[in-house]
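Novice: Take this structure first; my questions come after.
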Amino acid sequence: MNTETGNIYKELGISDKVYQFSKEILDSLSTRFAEIDKTAEYNQLKVIKAMQDNKVSEACLLGTTGYGYNDLGRDTLEAVYASVFHAQDALVRPQITCGTHALALALISNLRPGDELLSPVGKPYDTLEEVIGIRPSKGSLAEYGITYKQIDLLADGSFDYENIKNAINEKTRLVTIQRSKGYQTRPTLSVQKIGELVSFIKKIKPDIICMVDNCYGEFVERLEPTDVGADMVVGSLIKNPGGGLAPIGGYIAGKRECVENAAYRLTSPGLGKEVGASLGILKDFYQGLFLAPTVTAGALKGAVFAANVYERLGFKVVPNATEPRHDIIQAVTFGTPEGVIAFCKGIQAAAPVDSFVTPEPWDMPGYDSKVIMAAGAFVSGSSIELSADGPIKPPYAVYFQGGLTFEHARFGIMKSLQSIVDAGLVTL
């Protein structure tokens, strides 16, 4: 550790043992990282081609106010997103406040009273429980007479095709497929697996809308769910596709009718996509999308590094150290609340913003237990930036994601390990 870089790690609170332990692991990952870089190169060129094909100009970066009629930059950006996702249309707006809002918008605009929503991949992310009405909430789908059915994954994480087939009936209108694991320790779904599931469902009932919650998965692979038959993909701009620059926003891309339905629900019947000012943040949306493939690659390397560090220490990690990756989230199961809290304290201490703050579990809206969140980010709540969170309930797993650069993600994992070592939870 007697180098300039080693010395600054020491000044930042990293001990010799943590530095050496993590360096040995990092040195073993060069081949894996080279493959991630190849995917990033492909996706970078895909984004550039979409921007060139849709003639993005300097005028597109300016934005509008008021009603936002004839907003060239907004309309062109949505055409770019449609091209990137090989979709018929897209809705990309700052008026979509977060990923949960984007998902709720896609669901409630494409379902009608008497319809049934099916999740063939088990329990949805916690914040969707109130959207659906699993946990009662004002304005839920249940209040509008939309029913919900769920088929859990099998013990090995595969689809329960027999029960999925039995669950589909004349009321089944929309199937929601959550790509990432949420606060679970199940495998993340690959685009290939999503395609197989969509194909199976469409053979049973071709008119079912297949929607994919694409959060944390964009640009991790070369294909997106719309390339394999999904009717809609939905996500947040303060995750992968915003590249760390988007200050707010969400997107829905897919079949034109599905996107138009969402636009009319977002604004008003009769108005749809024609209104909605871009408010001077289009440059951040465009530049964030431009950077997204390489930013995602950095976060992905951080997740692989984290998996290898914590698996070596004997903790259960999902995905494991060698499995293919389909999102940027790394789950680490500690089995105790102390482990989750110590990990998050380390991530917070590595942040460029609010590094001096100590995260504590709290009753966060939309969750059924206390949650601890570590995120010293330039954009509040941005989980493409270095962050970690987890519910304080069994099995006491923490979910790590992000890092606008791999160098920052690496430092964050080292600080998390240092925090756990200092708390006496592991010995190197």
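Simple scheme: letters A, B, ... for chains in structure tokens order, numbers from 1 for residues in each chain, numbers from 1 for ligands in the order shown.
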Mind checking DSSP for region 85-321 of chain A and telling me the strand (DSSP E or B) residues as a PyMOL selection string?
Specialist: chain A and resi 89-93+116-119+147-150+172-178+209-213+232-236+250-254+316-318
Novice: Can you spit out the residues from that selection as an mmCIF file, in the first residue's frame, using N, CA and C atoms?
Specialist:
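And here's out-v7.cif as it stands now:
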```cif
data_model
loop_
_atom_site.group_PDB
_atom_site.id
_atom_site.type_symbol
_atom_site.label_atom_id
_atom_site.label_comp_id
_atom_site.auth_asym_id
_atom_site.auth_seq_id
_atom_site.Cartn_x
_atom_site.Cartn_y
_atom_site.Cartn_z
ATOM 1 N N ASP A 89 -43.144 3.226 -29.915
ATOM 2 C CA ASP A 89 -43.326 4.559 -29.344
ATOM 3 C C ASP A 89 -42.737 4.578 -27.937
ATOM 4 N N ALA A 90 -42.597 5.765 -27.386
ATOM 5 C CA ALA A 90 -42.080 5.899 -26.019
ATOM 6 C C ALA A 90 -42.625 7.165 -25.388
ATOM 7 N N LEU A 91 -42.749 7.131 -24.074
ATOM 8 C CA LEU A 91 -43.127 8.282 -23.263
ATOM 9 C C LEU A 91 -41.988 8.507 -22.279
ATOM 10 N N VAL A 92 -41.321 9.658 -22.381
ATOM 11 C CA VAL A 92 -40.159 9.956 -21.541
ATOM 12 C C VAL A 92 -40.355 11.358 -20.977
ATOM 13 N N ARG A 93 -40.704 11.455 -19.698
ATOM 14 C CA ARG A 93 -41.139 12.740 -19.169
ATOM 15 C C ARG A 93 -40.595 13.028 -17.773
ATOM 16 N N GLU A 116 -57.960 -8.481 -14.904
ATOM 17 C CA GLU A 116 -57.093 -9.094 -13.891
ATOM 18 C C GLU A 116 -55.634 -8.918 -14.276
ATOM 19 N N LEU A 117 -54.824 -8.583 -13.297
ATOM 20 C CA LEU A 117 -53.381 -8.437 -13.432
ATOM 21 C C LEU A 117 -52.723 -9.697 -12.896
ATOM 22 N N LEU A 118 -51.769 -10.232 -13.646
ATOM 23 C CA LEU A 118 -51.063 -11.448 -13.236
ATOM 24 C C LEU A 118 -49.569 -11.187 -13.121
ATOM 25 N N SER A 119 -48.987 -11.592 -11.988
ATOM 26 C CA SER A 119 -47.534 -11.608 -11.845
ATOM 27 C C SER A 119 -47.072 -13.056 -11.835
ATOM 28 N N THR A 147 -58.528 -6.998 -10.346
ATOM 29 C CA THR A 147 -58.068 -8.064 -9.464
ATOM 30 C C THR A 147 -56.621 -8.438 -9.779
ATOM 31 N N TYR A 148 -56.037 -9.163 -8.862
ATOM 32 C CA TYR A 148 -54.609 -9.505 -8.960
ATOM 33 C C TYR A 148 -54.401 -10.978 -8.633
ATOM 34 N N LYS A 149 -53.550 -11.614 -9.413
ATOM 35 C CA LYS A 149 -53.194 -13.008 -9.170
ATOM 36 C C LYS A 149 -51.679 -13.140 -9.284
ATOM 37 N N GLN A 150 -51.110 -14.004 -8.473
ATOM 38 C CA GLN A 150 -49.652 -14.141 -8.404
ATOM 39 C C GLN A 150 -49.263 -15.615 -8.433
ATOM 40 N N THR A 172 -57.779 -12.108 -17.639
ATOM 41 C CA THR A 172 -56.356 -11.733 -17.586
ATOM 42 C C THR A 172 -56.046 -10.770 -18.724
ATOM 43 N N ARG A 173 -55.730 -9.538 -18.375
ATOM 44 C CA ARG A 173 -55.489 -8.497 -19.376
ATOM 45 C C ARG A 173 -54.005 -8.144 -19.490
ATOM 46 N N LEU A 174 -53.310 -8.152 -18.370
ATOM 47 C CA LEU A 174 -51.919 -7.678 -18.368
ATOM 48 C C LEU A 174 -51.081 -8.562 -17.445
ATOM 49 N N VAL A 175 -49.895 -8.890 -17.903
ATOM 50 C CA VAL A 175 -48.928 -9.657 -17.114
ATOM 51 C C VAL A 175 -47.754 -8.736 -16.796
ATOM 52 N N THR A 176 -47.408 -8.634 -15.526
ATOM 53 C CA THR A 176 -46.275 -7.799 -15.121
ATOM 54 C C THR A 176 -45.098 -8.686 -14.735
ATOM 55 N N ILE A 177 -43.962 -8.431 -15.352
ATOM 56 C CA ILE A 177 -42.763 -9.250 -15.160
ATOM 57 C C ILE A 177 -41.672 -8.353 -14.589
ATOM 58 N N GLN A 178 -41.307 -8.577 -13.354
ATOM 59 C CA GLN A 178 -40.264 -7.780 -12.711
ATOM 60 C C GLN A 178 -38.913 -8.411 -13.005
ATOM 61 N N ILE A 209 -51.297 -8.188 -22.595
ATOM 62 C CA ILE A 209 -50.203 -7.211 -22.603
ATOM 63 C C ILE A 209 -49.115 -7.709 -21.653
ATOM 64 N N CYS A 210 -47.917 -7.859 -22.146
ATOM 65 C CA CYS A 210 -46.784 -8.272 -21.311
ATOM 66 C C CYS A 210 -45.916 -7.053 -21.025
ATOM 67 N N MET A 211 -45.915 -6.623 -19.773
ATOM 68 C CA MET A 211 -45.149 -5.460 -19.330
ATOM 69 C C MET A 211 -43.955 -5.917 -18.490
ATOM 70 N N VAL A 212 -42.806 -5.335 -18.738
ATOM 71 C CA VAL A 212 -41.607 -5.667 -17.979
ATOM 72 C C VAL A 212 -41.153 -4.457 -17.171
ATOM 73 N N ASP A 213 -41.045 -4.655 -15.865
ATOM 74 C CA ASP A 213 -40.390 -3.669 -14.998
ATOM 75 C C ASP A 213 -38.893 -3.806 -15.264
ATOM 76 N N MET A 232 -44.374 -3.755 -23.396
ATOM 77 C CA MET A 232 -43.955 -2.510 -22.735
ATOM 78 C C MET A 232 -42.741 -2.783 -21.856
ATOM 79 N N VAL A 233 -41.817 -1.849 -21.819
ATOM 80 C CA VAL A 233 -40.776 -1.806 -20.789
ATOM 81 C C VAL A 233 -40.916 -0.489 -20.057
ATOM 82 N N VAL A 234 -40.691 -0.531 -18.761
ATOM 83 C CA VAL A 234 -40.930 0.630 -17.907
ATOM 84 C C VAL A 234 -39.740 0.808 -16.983
ATOM 85 N N GLY A 235 -39.331 2.061 -16.763
ATOM 86 C CA GLY A 235 -38.206 2.278 -15.868
ATOM 87 C C GLY A 235 -38.090 3.717 -15.407
ATOM 88 N N SER A 236 -37.066 3.959 -14.620
ATOM 89 C CA SER A 236 -36.798 5.261 -14.006
ATOM 90 C C SER A 236 -35.552 5.879 -14.622
ATOM 91 N N GLY A 250 -39.148 9.312 -15.760
ATOM 92 C CA GLY A 250 -39.346 7.900 -16.030
ATOM 93 C C GLY A 250 -39.697 7.704 -17.484
ATOM 94 N N TYR A 251 -39.719 6.440 -17.911
ATOM 95 C CA TYR A 251 -40.031 6.155 -19.312
ATOM 96 C C TYR A 251 -40.922 4.928 -19.419
ATOM 97 N N ILE A 252 -41.707 4.898 -20.497
ATOM 98 C CA ILE A 252 -42.466 3.727 -20.919
ATOM 99 C C ILE A 252 -42.228 3.604 -22.421
ATOM 100 N N ALA A 253 -41.750 2.449 -22.868
ATOM 101 C CA ALA A 253 -41.515 2.229 -24.292
ATOM 102 C C ALA A 253 -42.176 0.926 -24.707
ATOM 103 N N GLY A 254 -42.729 0.903 -25.923
ATOM 104 C CA GLY A 254 -43.353 -0.334 -26.369
ATOM 105 C C GLY A 254 -44.354 -0.117 -27.480
ATOM 106 N N LYS A 316 -23.774 -15.327 1.702
ATOM 107 C CA LYS A 316 -24.548 -15.686 0.519
ATOM 108 C C LYS A 316 -24.770 -14.432 -0.315
ATOM 109 N N VAL A 317 -24.434 -14.523 -1.592
ATOM 110 C CA VAL A 317 -24.596 -13.386 -2.499
ATOM 111 C C VAL A 317 -25.421 -13.822 -3.699
ATOM 112 N N VAL A 318 -26.273 -12.914 -4.174
ATOM 113 C CA VAL A 318 -27.104 -13.165 -5.352
ATOM 114 C C VAL A 318 -27.018 -11.956 -6.276
#
```
Novice: Mind checking DSSP for region 201-367 of chain A and telling me the alpha helix (DSSP H) residues as an MDAnalysis selection string?
Specialist: chainID A and resid 201:204 256:266 282:312 337:349
Novice: Could you list, as a ChimeraX atom specification, every residue within 8 Å of region 156-169 of chain A, counting only C-alpha atoms and ignoring same-chain residues fewer than 5 positions away?
Specialist: /A:118,120-121,149,151,186-187,197,201,204-205
Novice: Give me a file of those residues, with N, CA and C atoms, as an mmCIF file, in the first residue's frame.
Specialist:
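again-v1.cif written:
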```
data_model
loop_
_atom_site.group_PDB
_atom_site.id
_atom_site.type_symbol
_atom_site.label_atom_id
_atom_site.label_comp_id
_atom_site.auth_asym_id
_atom_site.auth_seq_id
_atom_site.Cartn_x
_atom_site.Cartn_y
_atom_site.Cartn_z
ATOM 1 N N LEU A 118 -51.769 -10.232 -13.646
ATOM 2 C CA LEU A 118 -51.063 -11.448 -13.236
ATOM 3 C C LEU A 118 -49.569 -11.187 -13.121
ATOM 4 N N PRO A 120 -46.402 -13.518 -12.888
ATOM 5 C CA PRO A 120 -45.938 -14.899 -12.947
ATOM 6 C C PRO A 120 -44.548 -15.093 -12.350
ATOM 7 N N VAL A 121 -44.037 -14.036 -11.701
ATOM 8 C CA VAL A 121 -42.670 -14.111 -11.154
ATOM 9 C C VAL A 121 -42.658 -13.848 -9.649
ATOM 10 N N LYS A 149 -53.550 -11.614 -9.413
ATOM 11 C CA LYS A 149 -53.194 -13.008 -9.170
ATOM 12 C C LYS A 149 -51.679 -13.140 -9.284
ATOM 13 N N ILE A 151 -48.285 -15.931 -9.256
ATOM 14 C CA ILE A 151 -47.708 -17.275 -9.288
ATOM 15 C C ILE A 151 -46.250 -17.155 -8.887
ATOM 16 N N ARG A 186 -34.042 -13.826 -4.971
ATOM 17 C CA ARG A 186 -34.210 -14.678 -6.147
ATOM 18 C C ARG A 186 -33.291 -14.193 -7.261
ATOM 19 N N PRO A 187 -33.073 -15.043 -8.283
ATOM 20 C CA PRO A 187 -32.262 -14.584 -9.418
ATOM 21 C C PRO A 187 -32.971 -13.472 -10.195
ATOM 22 N N LEU A 197 -40.711 -16.596 -21.401
ATOM 23 C CA LEU A 197 -41.952 -16.462 -20.644
ATOM 24 C C LEU A 197 -43.012 -15.736 -21.461
ATOM 25 N N ILE A 201 -46.711 -17.194 -22.675
ATOM 26 C CA ILE A 201 -47.971 -16.516 -22.331
ATOM 27 C C ILE A 201 -48.758 -16.152 -23.587
ATOM 28 N N ILE A 204 -50.779 -18.878 -25.136
ATOM 29 C CA ILE A 204 -52.016 -19.191 -24.415
ATOM 30 C C ILE A 204 -53.088 -18.159 -24.715
ATOM 31 N N LYS A 205 -52.706 -16.872 -24.674
ATOM 32 C CA LYS A 205 -53.663 -15.784 -24.917
ATOM 33 C C LYS A 205 -52.933 -14.629 -25.600
#
```
Novice: At a cut-off of 7 Å, can you tabulate as CSV every residue of region 31-131 of chain A near region 283-304 of chain A together with its closest atom pair and the distance in Å to one decimal, using only C-alpha atoms and ordering rows by chain then number?
Specialist:
```
residue,atom,partner,partner_atom,distance
A:Phe33,CA,A:Lys301,CA,6.4
A:Ile36,CA,A:Ala297,CA,6.2
A:Asp37,CA,A:Ala297,CA,6.7
A:Ala40,CA,A:Pro293,CA,5.2
A:Asn43,CA,A:Pro293,CA,5.7
A:Gln44,CA,A:Pro293,CA,5.5
A:Val47,CA,A:Phe290,CA,6.4
A:Leu61,CA,A:Lys283,CA,4.7
```
Novice: Could you check which of A:Ala349, A:Ala374, A:Leu428, A:Leu154 is closest to Asp16 (chain A), using only C-alpha atoms?
Specialist: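 For Asp16 (chain A), the nearest of the given residues is A:Leu428.
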Novice: Between CA of Glu218 (chain A) and CA of Ala246 (chain A), what distance in Å does the model show, to one decimal?
Specialist: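 CA of Ala246 (chain A) lies 14.8 Å from CA of Glu218 (chain A).
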Novice: Between CA of Ile96 (chain A) and CA of Gly249 (chain A), what distance in Å does the model show, to one decimal?
Specialist: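 If I compute the distance from CA of Ile96 (chain A) to CA of Gly249 (chain A), I get 5.0 Å.
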